[in-house]
Each structure stands twice: as structure tokens, then as C-alpha cells.
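Okay, so here's the structure we're looking at.
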Amino acid sequence: MLNRVPLAHLEEYFSNLSDRKTKGVYFCRFAGCTPEVLEFMLRYHEAARLGGVIIEGRLQNPDDRNLAYFGEMMGMDFRHDKTFLTEKLHKWLPRMSPAQCENVAGAMFDTMTRLKSAGKNDNMLKNLYIKFMCWLYYRFERIVHQLGSEKLPKILFEGDITNYELLLLNVLCTAGCDVALLELHGDAGYLSFDPASAMSQLFMAPNMTAFPDGYCLKLIRQEIQERFRLEQLYGEEAAVKPCLNAWLSGKIFEDLRKAAMQRGKDSRFFYPMFCRVNGVEDKLSYENELFQLQMLLKGEKRHMLILSQTIPPPTPEELNRIPRKNYQKIDQLIADLSAFFRTVQNEDLRKLMHRSFVECMIGLSRKTPDHLNHICGLAVSLLCLIRRYQETLFGGWMYPAVSVFLYLGGCRTELEALFCQFLAGLPVDVVILVPDLNRRCCLTDSRLYELNYPETLAVEDYPDEQHGFRVGTAAYHAERELDSIMYEDSGMYRNRQYERENAVILRTMFEEIPILWEQEIKYRPNFSIVDNTVNMPVILSKICGVRDGDTRNYWQIVRSFVTEDTIVIPAVPKIRPTVVNPVKQYASAFLHGGKVQKDIIRSHKCYQYGILREATQETIFEKLQLLIDRRIIKGTLENGVEYDIVAGVLNLDKYSVRLIQKFDYTKHSPKIIYVVTKEDTLSVDDVIYFSFMSLMGFDILFFIPTGYQCFEQHLNQNFVEEHQIGEYQYELKPPGLSAFPPDKRQKLREKLFK
């Protein structure tokens with residue numbers, strides 16, 4: 001028999017008998033866990049599955065059939081005698097050697113002797129003998145012939161153990177096997193049978209905690225199956241592995257320049273970095289430092305890829321070059337798309353790329369397990385980026401070379417973050433630079449090393465020969481800081497601080513319109529700025545009738561709304577159908593599937609807005625698309641009215657275009673006043689015009705003394721606020737309308753509001 005010896009390290013469980021410092025067996029119970037214990041359980045479960053016995057729950061007592069067979073084969077006689085036990089074991093378990101029978105019999109005899117000393121009678125000992133014999137035959141027969149061998153069999157027991165179960169495990173342990181007892185509900189139950197821990201050792205380690213909820217052998221088996229599945233997907237490992245970031249000093253730019261052989265001496269590894277630098281240490285020297293870094297890396301002949309602000313997404317042509325199928329499971333997707341890497345010439349690089357790709361896909365599947373089509377789209381896009389930049393980063397790669405990928409601006413999309421994570425598993429330094437602290441990088445990864453500086457600096461392009469090299473003086477940066485203090489969340493705004501806008505129509509009383517009309521947009525109700533987009537409250541109202549029938553006062557009211565930046569339209573239609581629009585003949589080419597084709601329009605000879613600021617042109621295209629998408633005009637995307645919309649918006653009169661270009665979204669808005677005194681109506685081009693200008697942020701008033709509908713027939717839904725201020729008047733003749741001097745405007749306001 002063998003003695004139980006204390007366990008110092010979990011790894012000793014897996015050593016052969018002759019390799020143990022003290023020749024003996026281990027019987028440990030685990031009532032708490034650490035990461036090392038959880039990992040040990042995975043390995044021990046597999047060892048017990050291959051060369052031992054796994055017990056879940058309890059050992060079932062012998063049933064009538066078990067007892068009948070035992071009685072038929074062995075008889076029901078019993079003697080508390082070691083020789084008797086040895087003979088019975090040899091007959092009952094013939095695969096056991098004489099020495100093994102001797103050891104098991106001796107352990108059983110010692111156990112029975114202790115029980116007899118404790119007061120158990122022969123009948124009780126006989127019941128124990130029969131139970132032990134049945135358990136040995138039906139549950140442990142596969143290992144009894146291995147007891148005491150060089151590679152000791154393993155028993156893994158999960159559950160609240162009973163006294164007889166503990167006694168049998170102790171017998172088997174001393175006869176020559178290792179035992180691990182998994183106590184998911186704590187150690188109290190065990191101590192009720194063995195308060196002195198005479199038969200086993202409670203394993204203790206620093207920072208032990210309770211087992212996770214739901215932890216059990218079934219969960220262990222699932223984890224083992226998952227690991228086996230992943231091993232099949234990962235395939236053969238490369239001869240070298242990444243040692244990521246462990247060698248860093250914390251001075252990223254200096255570490256980046258460190259030669260590969262100086263980063264570590266273990267030839268089993270290569271030594272890349274995966275870092276993000278947020279903010280800048282010194283605004284004055286930052287861009288010069290980036291420029292010098294690039295020049296030094298280029299001089300060292302490092303493979304290098306530098307991108308700024310965005311990683312261009314794959315084109316349709318690139319996507320079509322990646323073959324794929326319809327996948328039902330993530331494993332099918334990974335196995336099929338991994339064939340992409342077979343063309344990589346360097347064997348180690350091929351294995352590393354394959355492994356990093358699998359890790360990325362497994363990570364995606366765990367975050368979004370039910371979105372296989374989304375994962376497939378990202379996987380194909382990732383392969384496109386790999387193909388695009390593979391030669392730049394890894395052309396002719398040989399160990400231990402490490403390439404460089406510098407990305408200025410930070411990841412904005414899931415694909416960009418995925419590409420950086422893929423590169424992090426390869427021999428390439430991945431450094432993400434986010435100097436502007438107002439712009440966030442969406443990449444999250446436990447492997448990422450982050451360096452944070454308090455200063456912020458807006459840098460659009462990585463400084464190099466191609467983009468030009470610009471640096472700012474101390475005064476320049478001081479002015480930018482002053483801008484941040486004065487114009488961020490202060491209610492003050494510098495000229496044209498914002499380039500995106502969203503027009504929101506105000507619903508008002510008529511008496512409020514003269515007050516709001518003269519206010520800067522930033523002072524109007526519901527003005528806000530969200531994500532650098534100005535939400536502009538604008539006026540769009542139809543005023544019907546003449547107050548008290550006083551036409552003289554009526555025209556004074558109309559004149560009071562005319563400002564320096566007001567377009568007055570005294571007769572309609574403003575845009576007559578007979579007037580030739582030079583854009584109309586090309587409008588069908590400017591739309592595809594209801595989407596505005598900006599690139600085609602910009603390059604066309606009839607495009608008139610190329611001289612405008614880039615942001616202004618983008619806003620015009622955005623509002624044009626919005627006008628179509630909302631189907632504001634009747635017949636849009638039904639009767640071809642969308643082509644009239646494109647032609648009308650791209651052929652605005654010169655004065656309207658100048659007002660659009662001049663418009664500062666936080667200050668006074670430009671105005672349009674329609675005066676319709678007769679039975680004339682607006683043309684569909686007029687309705688397109690004022691609907692578009694309202695989306696652009698113009699304040700628009702319709703003075704309709706007749707109360708007639710003059711534009712509603714062209715709208716799918718009337719969004720113009722209507723005010724009835726007096727009795728209807730007909731055949732009025734508008735006088736000349738021009739802006740009043742400030743003193744007369746004030747008197748008129750006093751008169752209007754008494």
C-alpha cells in the first residue's frame with residue numbers, strides 16, 4: 001500500500017509515481033477556487049476520463065440485481081479476515097494482480113478494523129464488504145488493475161460525499177490511485193465524517209473564492225469540448241509566438257524604434273507592441289516628433305503602413321474577390337474563409353495570420369452569437385484589408401523582423417477596430433494615435449497598452465512629405481486653447497464654428513413671430529448643439545387675412561419683416577414652368593435608386609456649386625437627399641418628381657446661393673417672404689424651392705390675405721404653421737416692400753402689441 005502525501009503544487013498530481021519527491025498518492029478536496037484551480041480541474045477531468053473514473057453526484061447503492069449476481073458468483077459468506085478478502089477480490093476482479101489484490105484487501109481490512117473498534121458489529125461489516133465489492137465491480141473495475149502503477153489512475157468525485165463513499169475512496173487511494181474531491185457546497189459536509197482531515201487534504205491557496213454559480217463537471221466537459229473545437233480551428237501553432245507589450249518601457253516612441261533583437265532574447269517569441277496614445281505631451285513638438293519618427297523608421301528600412309483618420313473600407317471589387325458560401329455555424333465560416341491564408345509563402349507567418357483571424361472571429365461570435373451574417377460581412381471585409389496591406393506590412397518577412405502600423409485618429413468603425421486586433425497577433429507594432437481628446441477611439445481590447453496625456457491637439461493628417469509638414473507656434477496653440485475656453489459650452493460661438501445643422505420648425509403664436517424673427521438662432525427656444533450638429537429652430541408660417549381689415553397697417557406689418565437678408569417674392573409663381581432649367585436634362589443620371597449620386601454631380605459640367613465651401617456643398621447634398629427621403633412633395637419616387645427636386649435644388653438663383661453660403665448656423669437666419677394677394681398658386685418648383693430652403697434653415701413667411709390654398713396641393717403633408725389674424729381681403733396690390741429703418745420698426749412693434 002501507498003501513503004497519502006501532502007500536495008504542494010497542483011502540477012504534482014500529473015507526475016508519475018517515481019518522479020514524486022515522496023513516493024505516495026494524493027487525496028485532496030477543493031472547496032474553493034482560483035484561476036489555477038479552474039485550469040487544474042480541466043486537466044484533471046481529462047486525465048480521469050482517459051485513465052480513471054469520474055463520479056457525479058453519488059455512488060448508487062447496489063440494487064437487487066447487483067446483489068443477486070454477487071450472491072450467485074461469490075456467495076454471501078463473510079469473515080473479517082485479510083486472507084478471506086484477498087481470495088474474494090482475486091475471484092471477483094480477476095484482472096487485478098496478486099499484489100493489487102493484497103493492497104486493496106489490506107486497505108479494506110484496516111478500514112473494517114477501525115469500524116469494529118468504533119462499535120460496528122459483524123453484520124454491519126458484512127454489509128460494508130458487499131457494498132464495497134459491488135462498487136468496485138460496477139464503478140471501478142476499469143482502474144483496479146492499474147492501482148499502484150507508474151502512471152497512477154485518477155478519480156474525480158463531484159458532490160456531497162457520504163461516509164461509506166469516503167471510506168471506499170480512501171481504500172482505493174491507499175491501494176494506489178490519486179483522488180480529487182470537488183466540494184461545490186463547501187467543506188462542512190466532509191468534516192462531519194472526517195473532522196481531523198485524516199483521510200484527505202483540503203487544498204488551500206491565496207485569494208481563493210467560492211466556485212462560480214452553475215460550476216459543475218458538466219460545465220467542465222463543455223469547456224473541454226470548446227477547447228478541442230478551438231484547437232481544430234486554430235490548427236498547428238507557429239514556431240514563434242508574440243510576446244505582446246511585456247517588454248515596453250512606457251516611452252512608446254522610443255520603444256517603437258528599438259530593434260527587434262533588443263526587445264527580448266528568447267527565440268521562441270517575437271516582440272511587438274499594441275498601444276494607444278491618447279492626447280499629446282507637448283503641442284509644440286508633437287507633429288515634429290511624428291515626422292521625425294517616420295523618417296527614422298523609414299531610414300531603418302522597416303516595413304511601415306501609416307493611415308490617418310480612416311481605414312478606407314473595401315470597394316465592391318475587393319469584396320467580390322473573396323469567395324464565400326452560405327454558413328450555418330461560425331465553425332463553418334472560419335474553416336472556409338481561413339483558406340484565404342494558404343497563399344502566404346512564409347510558413348510561420350501563415351500560421352500566425354490564421355490563428356489571429358480565428359481569434360478575431362471567435363471574439364465576434366461571443367459578442368454577437370446570433371448575427372452570423374454580420375460576422376460574415378466583417379470577416380470578408382477584414383480579408384479584403386489584409387489582402388490590400390499584406391505586401392506593405394509583410395512583404396518578404398523573416399523572423400525576427402517587426403513591421404509598423406501607425407494609425408492617426410483612432411478607430412471609428414467595428415471593422416477598423418477588428419483590423420487592429422488582427423494585426424496585434426502578428427509581428428507588427430500597432431500604435432493608435434489619438435491626439436484630439438474630443439474624438440474617441442472605439443477599440444476595446446484587454447491586450448491594449450494605453451498611454452494618456454492631458455493636452456489635446458487636432459491633427460488631421462500624419463505629418464509627412466506627401467501631406468506637407470506644418471507646426472504651430474506657441475501663440476497659435478494658445479489661441480486654440482482660448483477658443484476652447486470661450487466657445488465650448490459657454491453660449492458663445494465663433495464665426496462658422498459648426499458645419500452641420502438640423503432645421504426644426506417652431507410652432508408659435510402669431511404675436512411671437514416678430515420677436516423671434518429678429519432673434520439670433522442661438523437665443524430661440526429649443527436651440528441646441530448635439531455631436532457638433534446645430535439644432536436650429538426656424539419659422540415656417542402662413543398668415544391668412546387682414547387684421548381689422550386695415551390694409552394700410554397690414555402692409556406696414558409685412559414691411560417690418562423685411563431685413564437685409566430677406567428674399568421677397570411679391571408674385572407667384574416665382575419659378576415659372578416655362579423657364580428652362582439647364583440641370584433637368586441630366587437629373588436622371590444624378591439619382592440611382594432614390595439616392596443622390598454626389599460624385600457624379602460634382603464632376604458634371606452643369607454643377608454650379610463647386611465654388612462654395614466644402615461643408616456648404618455637403619449640407620446641400622444632405623438636405624437634397626432628405627427632401628427626397630421624406631417624400632415632402634407629392635409624386636416623389638412615384639411620378640418622377642424626384643428628378644424635378646434634383647433639378648430645382650441644383651439650379652438655385654445666385655442670390656439664394658449667396659445667402660446659403662453666408663449663413664452662420666448660430667446667428668441670424670436668412671428669410672423668405674411670399675406675398676400672394678390673388679388667386680395664383682405656387683408652381684411645384686416653387687414648393688420644392690421653399691421646402692428645401694426651410695430644411696437649409698431659412699425662416700419663411702407666407703402672407704395670404706385671401707386665405708386661399710396656394711401651395712398645399714403639392715405637399716403630401718402640410719407642415720406649414722397657419723395663423724388666422726383677420727378678415728379676408730381680395731385683389732390687394734402689394735406696395736414696394738423694403739426694410740424699415742430701426743426706429744420705424746420699433747414704433748411698428750409697439751403699435752402691433754399696443
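Chain labels run A, B, ... following the order of the C-alpha cells; each chain numbers its residues from 1, and ligands are numbered from 1 in the order shown.
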Please identify the strand (DSSP E or B) residues within region 137-311 of chain A (assignment by DSSP from backbone atoms) and present them as a tab-separated table (two decimals) with C-alpha atoms, in the first residue's frame.
```tsv
chain	number	residue	atom	x	y	z
A	154	LYS	CA	-7.25	9.26	-11.26
A	155	ILE	CA	-10.62	9.53	-9.51
A	156	LEU	CA	-12.63	12.75	-9.72
A	157	PHE	CA	-15.62	12.93	-7.37
A	158	GLU	CA	-18.14	15.80	-7.53
A	178	ASP	CA	-4.98	9.74	-6.87
A	179	VAL	CA	-8.30	11.25	-5.78
A	180	ALA	CA	-9.69	14.79	-6.19
A	181	LEU	CA	-12.90	15.70	-4.38
A	182	LEU	CA	-14.82	18.68	-5.80
A	201	GLN	CA	-6.06	17.23	2.45
A	202	LEU	CA	-8.04	20.46	1.99
A	209	THR	CA	-13.17	32.29	-3.66
A	241	LYS	CA	4.64	33.36	-30.67
A	242	PRO	CA	4.01	37.04	-29.88
A	269	PHE	CA	8.98	34.75	-29.33
A	270	PHE	CA	8.83	37.91	-31.39
A	274	PHE	CA	-0.13	47.05	-29.26
A	275	CYS	CA	-0.61	50.58	-27.93
A	276	ARG	CA	-2.88	53.60	-27.96
A	277	VAL	CA	-1.58	57.09	-27.12
A	278	ASN	CA	-4.34	59.47	-26.08
A	280	VAL	CA	-0.18	64.82	-26.55
A	304	MET	CA	5.58	50.56	-42.47
A	305	LEU	CA	1.94	51.50	-43.03
A	306	ILE	CA	0.64	54.93	-41.94
A	307	LEU	CA	-3.05	55.86	-42.18
A	308	SER	CA	-4.88	58.96	-41.00
```
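For Lys218 (chain A), the list of residues within 10 Å, based on only C-alpha atoms and with local chain neighbours fewer than 5 positions off taken out, reads Glu56, Glu223 and Ile224 of chain A.
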- Task: Please identify which residues in region 398-552 of chain A DSSP calls helix (DSSP H, G or I) from the backbone, and express them as a PyMOL selection string.
- Result: chain A and resi 414-423+474-487+510-518+521-523+547-549+551-552
Just to be explicit: take each residue in the selection above, keep C-alpha atoms, and write the result as a PDB file, in the first residue's frame.
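As written to disk, part30.pdb reads:
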```pdb
ATOM      1  CA  GLU A 414     -16.041  47.987 -35.906  1.00  0.00           C
ATOM      2  CA  LEU A 415     -14.054  46.951 -38.990  1.00  0.00           C
ATOM      3  CA  GLU A 416     -11.186  49.335 -38.167  1.00  0.00           C
ATOM      4  CA  ALA A 417     -11.006  48.011 -34.602  1.00  0.00           C
ATOM      5  CA  LEU A 418     -11.093  44.425 -35.904  1.00  0.00           C
ATOM      6  CA  PHE A 419      -8.219  45.112 -38.304  1.00  0.00           C
ATOM      7  CA  CYS A 420      -6.077  46.500 -35.466  1.00  0.00           C
ATOM      8  CA  GLN A 421      -6.898  43.477 -33.287  1.00  0.00           C
ATOM      9  CA  PHE A 422      -5.932  41.138 -36.121  1.00  0.00           C
ATOM     10  CA  LEU A 423      -2.570  42.866 -36.566  1.00  0.00           C
ATOM     11  CA  ALA A 474       3.073  78.803 -29.011  1.00  0.00           C
ATOM     12  CA  ALA A 475       0.765  81.744 -29.753  1.00  0.00           C
ATOM     13  CA  TYR A 476      -1.221  79.676 -32.247  1.00  0.00           C
ATOM     14  CA  HIS A 477      -1.825  76.901 -29.712  1.00  0.00           C
ATOM     15  CA  ALA A 478      -2.623  79.441 -27.003  1.00  0.00           C
ATOM     16  CA  GLU A 479      -5.286  80.920 -29.282  1.00  0.00           C
ATOM     17  CA  ARG A 480      -6.763  77.470 -29.856  1.00  0.00           C
ATOM     18  CA  GLU A 481      -6.905  76.905 -26.093  1.00  0.00           C
ATOM     19  CA  LEU A 482      -8.601  80.281 -25.646  1.00  0.00           C
ATOM     20  CA  ASP A 483     -11.113  79.244 -28.299  1.00  0.00           C
ATOM     21  CA  SER A 484     -11.868  76.098 -26.324  1.00  0.00           C
ATOM     22  CA  ILE A 485     -12.419  78.087 -23.141  1.00  0.00           C
ATOM     23  CA  MET A 486     -14.574  80.780 -24.771  1.00  0.00           C
ATOM     24  CA  TYR A 487     -16.601  78.801 -27.275  1.00  0.00           C
ATOM     25  CA  PHE A 510     -48.595  84.927 -34.461  1.00  0.00           C
ATOM     26  CA  GLU A 511     -47.648  87.570 -31.887  1.00  0.00           C
ATOM     27  CA  GLU A 512     -44.380  85.730 -31.167  1.00  0.00           C
ATOM     28  CA  ILE A 513     -43.202  85.768 -34.782  1.00  0.00           C
ATOM     29  CA  PRO A 514     -41.968  89.423 -34.881  1.00  0.00           C
ATOM     30  CA  ILE A 515     -39.907  88.817 -31.729  1.00  0.00           C
ATOM     31  CA  LEU A 516     -38.393  85.521 -32.922  1.00  0.00           C
ATOM     32  CA  TRP A 517     -37.873  86.886 -36.442  1.00  0.00           C
ATOM     33  CA  GLU A 518     -35.240  89.338 -35.228  1.00  0.00           C
ATOM     34  CA  ILE A 521     -30.993  81.427 -33.723  1.00  0.00           C
ATOM     35  CA  LYS A 522     -28.956  80.666 -30.602  1.00  0.00           C
ATOM     36  CA  TYR A 523     -31.454  82.636 -28.479  1.00  0.00           C
ATOM     37  CA  ARG A 547     -56.306  92.310 -39.053  1.00  0.00           C
ATOM     38  CA  ASP A 548     -59.335  94.549 -38.556  1.00  0.00           C
ATOM     39  CA  GLY A 549     -59.488  94.948 -42.349  1.00  0.00           C
ATOM     40  CA  THR A 551     -54.810  97.223 -45.277  1.00  0.00           C
ATOM     41  CA  ARG A 552     -52.502 100.199 -44.559  1.00  0.00           C
TER      42      ARG A 552
END
```
- Find the residues around Val428 (chain A) up to 7 Å (only C-alpha atoms counted), leave out those fewer than 6 positions away in its own chain, and share them as an NGL selection string. :A and (272 or 402-405)
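Residues lying within 9 Å of Ala379 (chain A), counting only C-alpha atoms and ignoring same-chain neighbours fewer than 5 positions away, are Leu333, Ile334, Leu337, Phe357, Cys360, Met361, His374, Cys384 and Leu415 of chain A.
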May I have the residues from that selection written out with N, CA and C atoms, as a PDB file, in the first residue's frame?
```
ATOM      1  N   LEU A 333     -17.899  28.961 -41.119  1.00  0.00           N
ATOM      2  CA  LEU A 333     -17.392  30.229 -41.655  1.00  0.00           C
ATOM      3  C   LEU A 333     -15.884  30.321 -41.491  1.00  0.00           C
ATOM      4  N   ILE A 334     -15.399  30.028 -40.276  1.00  0.00           N
ATOM      5  CA  ILE A 334     -13.961  30.148 -40.003  1.00  0.00           C
ATOM      6  C   ILE A 334     -13.167  29.162 -40.844  1.00  0.00           C
ATOM      7  N   LEU A 337     -13.284  30.379 -44.683  1.00  0.00           N
ATOM      8  CA  LEU A 337     -12.583  31.629 -45.004  1.00  0.00           C
ATOM      9  C   LEU A 337     -11.103  31.572 -44.643  1.00  0.00           C
ATOM     10  N   PHE A 357      -6.702  35.463 -37.142  1.00  0.00           N
ATOM     11  CA  PHE A 357      -8.015  35.562 -37.777  1.00  0.00           C
ATOM     12  C   PHE A 357      -9.056  34.757 -36.994  1.00  0.00           C
ATOM     13  N   CYS A 360     -10.022  36.537 -33.822  1.00  0.00           N
ATOM     14  CA  CYS A 360     -10.927  37.662 -34.090  1.00  0.00           C
ATOM     15  C   CYS A 360     -12.354  37.166 -34.327  1.00  0.00           C
ATOM     16  N   MET A 361     -12.502  36.107 -35.091  1.00  0.00           N
ATOM     17  CA  MET A 361     -13.843  35.589 -35.388  1.00  0.00           C
ATOM     18  C   MET A 361     -14.504  34.982 -34.151  1.00  0.00           C
ATOM     19  N   HIS A 374     -23.778  39.183 -40.073  1.00  0.00           N
ATOM     20  CA  HIS A 374     -22.969  40.360 -39.734  1.00  0.00           C
ATOM     21  C   HIS A 374     -21.506  39.971 -39.571  1.00  0.00           C
ATOM     22  N   CYS A 384     -10.320  41.506 -47.026  1.00  0.00           N
ATOM     23  CA  CYS A 384     -10.010  42.496 -48.072  1.00  0.00           C
ATOM     24  C   CYS A 384      -8.900  43.440 -47.610  1.00  0.00           C
ATOM     25  N   LEU A 415     -15.032  47.558 -38.080  1.00  0.00           N
ATOM     26  CA  LEU A 415     -14.054  46.951 -38.990  1.00  0.00           C
ATOM     27  C   LEU A 415     -12.654  47.472 -38.705  1.00  0.00           C
TER      28      LEU A 415
END
```
- Task: Please provide the set of residues having any atom within 8 Å of region 493-504 of chain A, restricted to only C-alpha atoms, with same-chain residues fewer than 4 positions apart removed, written as a PyMOL selection string.
- Result: chain A and resi 486-488+532-538+615-616+619+664-666+694-697
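Nearest residue to Gly57 (chain A) among A:Gly250, A:Gly159, A:Pro734, A:Pro35 is A:Gly159, counting only C-alpha atoms.
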- Message: Need to verify the contact set: Gly176 (chain A), 7 Å, only C-alpha atoms, exclusion of same-chain residues closer than 4 positions in sequence. Can you return it as a PyMOL selection string?
- Response: chain A and resi 1-2+25+147-148+152+172
- Task: To one decimal in Å, tell me the separation between CA of Gln729 (chain A) and CA of Gly545 (chain A).
- Result: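 Going from CA of Gln729 (chain A) over to CA of Gly545 (chain A) covers 6.5 Å.
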- Query: From the list A:His9, A:Tyr389, A:Thr315, A:Ile130, which residue is nearest Lys21 (chain A) when using only C-alpha atoms?
  - Reply: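 Among the listed residues, the smallest separation from Lys21 (chain A) belongs to A:His9.
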